[in-house]
Amino acid sequence: MDSTLTPTASDALTTPDGQPRRWGAIGMWIFLATDAMGFGGLFIAYGFLRARAATWPDPRAHLGLLGAAAMTFGLLASAFTVGEAARAASPRARAGWLAATLLLGAAFLGGEVAEYARLWTAATPVRLGDLYGATFYVLTGYHGLHVAAGLIWLVSALWGRSPRRSVEVGALYWQFVDLAWTPIFTFLYLVPAR
Amino acid sequence: MTVGATDDAPSRRGPALATYAVLAALTAAEVAVAGAGGAARDRTTALAGLLLAKAGILLAFSLRGSPRRPGPRLALLALVVAVGFAVVLMLEAVYRAGLR
């Protein structure tokens, strides 16, 4: 039998041009696909509850639009910095871009915590007990947990001087977190009440 | 994005910066639309169009690493076509609502 036509175990581990397959990236894409379903379920629940609610408060009556916009700009900028970290050839440059991403991510999370504190102590507080508050805190909180996980990864990548391939895989996750925030910002902060 | 990245970081920084600038501009446009007057339905339609454009650009940015490989290129094409259709339909809806 022609051995060139017979697949072997080592073929599964390499690409046709002989390079090792990027299992980390493939695993991350699978994880992100499942995680996207989690976000998707929450968005569907939010849309359903909001559409069926008799009344829904206007977001601008409670939420700080300018603060959220600033957080959005910061998170978008962090997608750029993490991309540069993944492309950086030298460990020093990579560490610099990772540190910038870490700062932007921490600022985002700080902004979210400040928003929670403001909503909790406002004259008409937004509580977890009512439908509007529950959907707001669950969606932003779920996303905030993802940001916090990303920050832990960034610290470990900086601390352990991760190689470029690891940073590339982590950058996929961070850009997904960035992407997930986009509809949250639109639906929760911008779409007006009927 | 990052998968299949090369060492030529400075030469690829321009497109990444341009992408960020476009995303920032779209976010500013979203804030402007949300604060503008007019019917809530029209603003929601415009916001949905802007959201689709932003999500499409972000996804394209995430997949841009290996333009020579057919998989990412096809995924990119599908994204561009789908988002393009959706945005055109949204803009048309806003236009028609404006005529009424």
# chains A, B, ... in the order shown; residues from 1 in each chain; ligands from 1

call {"tool": "interface_residues", "arguments": {"of": "chain A", "to": "chain B", "cutoff": "8 Å", "atoms": "only C-alpha atoms", "output": "list in words"}}
result
Ala25, Leu65, Ala69, Thr72, Phe73, Leu76, Ala77, Phe80, Gly83, Glu84, Ala86, Arg87, Ala88, Ala89, Glu168, Val169, Ala171, Leu172, Gln175, Leu179, Thr182, Pro183, Thr186, Leu190, Val191, Pro192, Ala193 and Arg194 of chain A

call {"tool": "atom_distance", "arguments": {"atom1": "CA of Ala79 (chain A)", "atom2": "CA of Thr101 (chain A)"}}
result
7.8 Å

call {"tool": "residues_around", "arguments": {"residues": "Phe85 (chain B)", "least_positions_apart": "6", "cutoff": "12 Å", "atoms": "only C-alpha atoms", "output": "tab-separated table (two decimals) with C-alpha atoms, in the first residue's frame"}}
result
chain	number	residue	atom	x	y	z
B	49	GLY	CA	-27.77	48.53	12.58
B	52	LEU	CA	-24.39	44.79	13.75
B	53	ALA	CA	-21.76	46.90	12.05
B	56	GLY	CA	-19.13	42.48	12.26
B	78	ALA	CA	-19.94	35.43	5.11
B	79	LEU	CA	-19.70	37.95	7.94
B	91	LEU	CA	-30.96	51.92	7.02
B	92	GLU	CA	-33.82	51.38	4.62
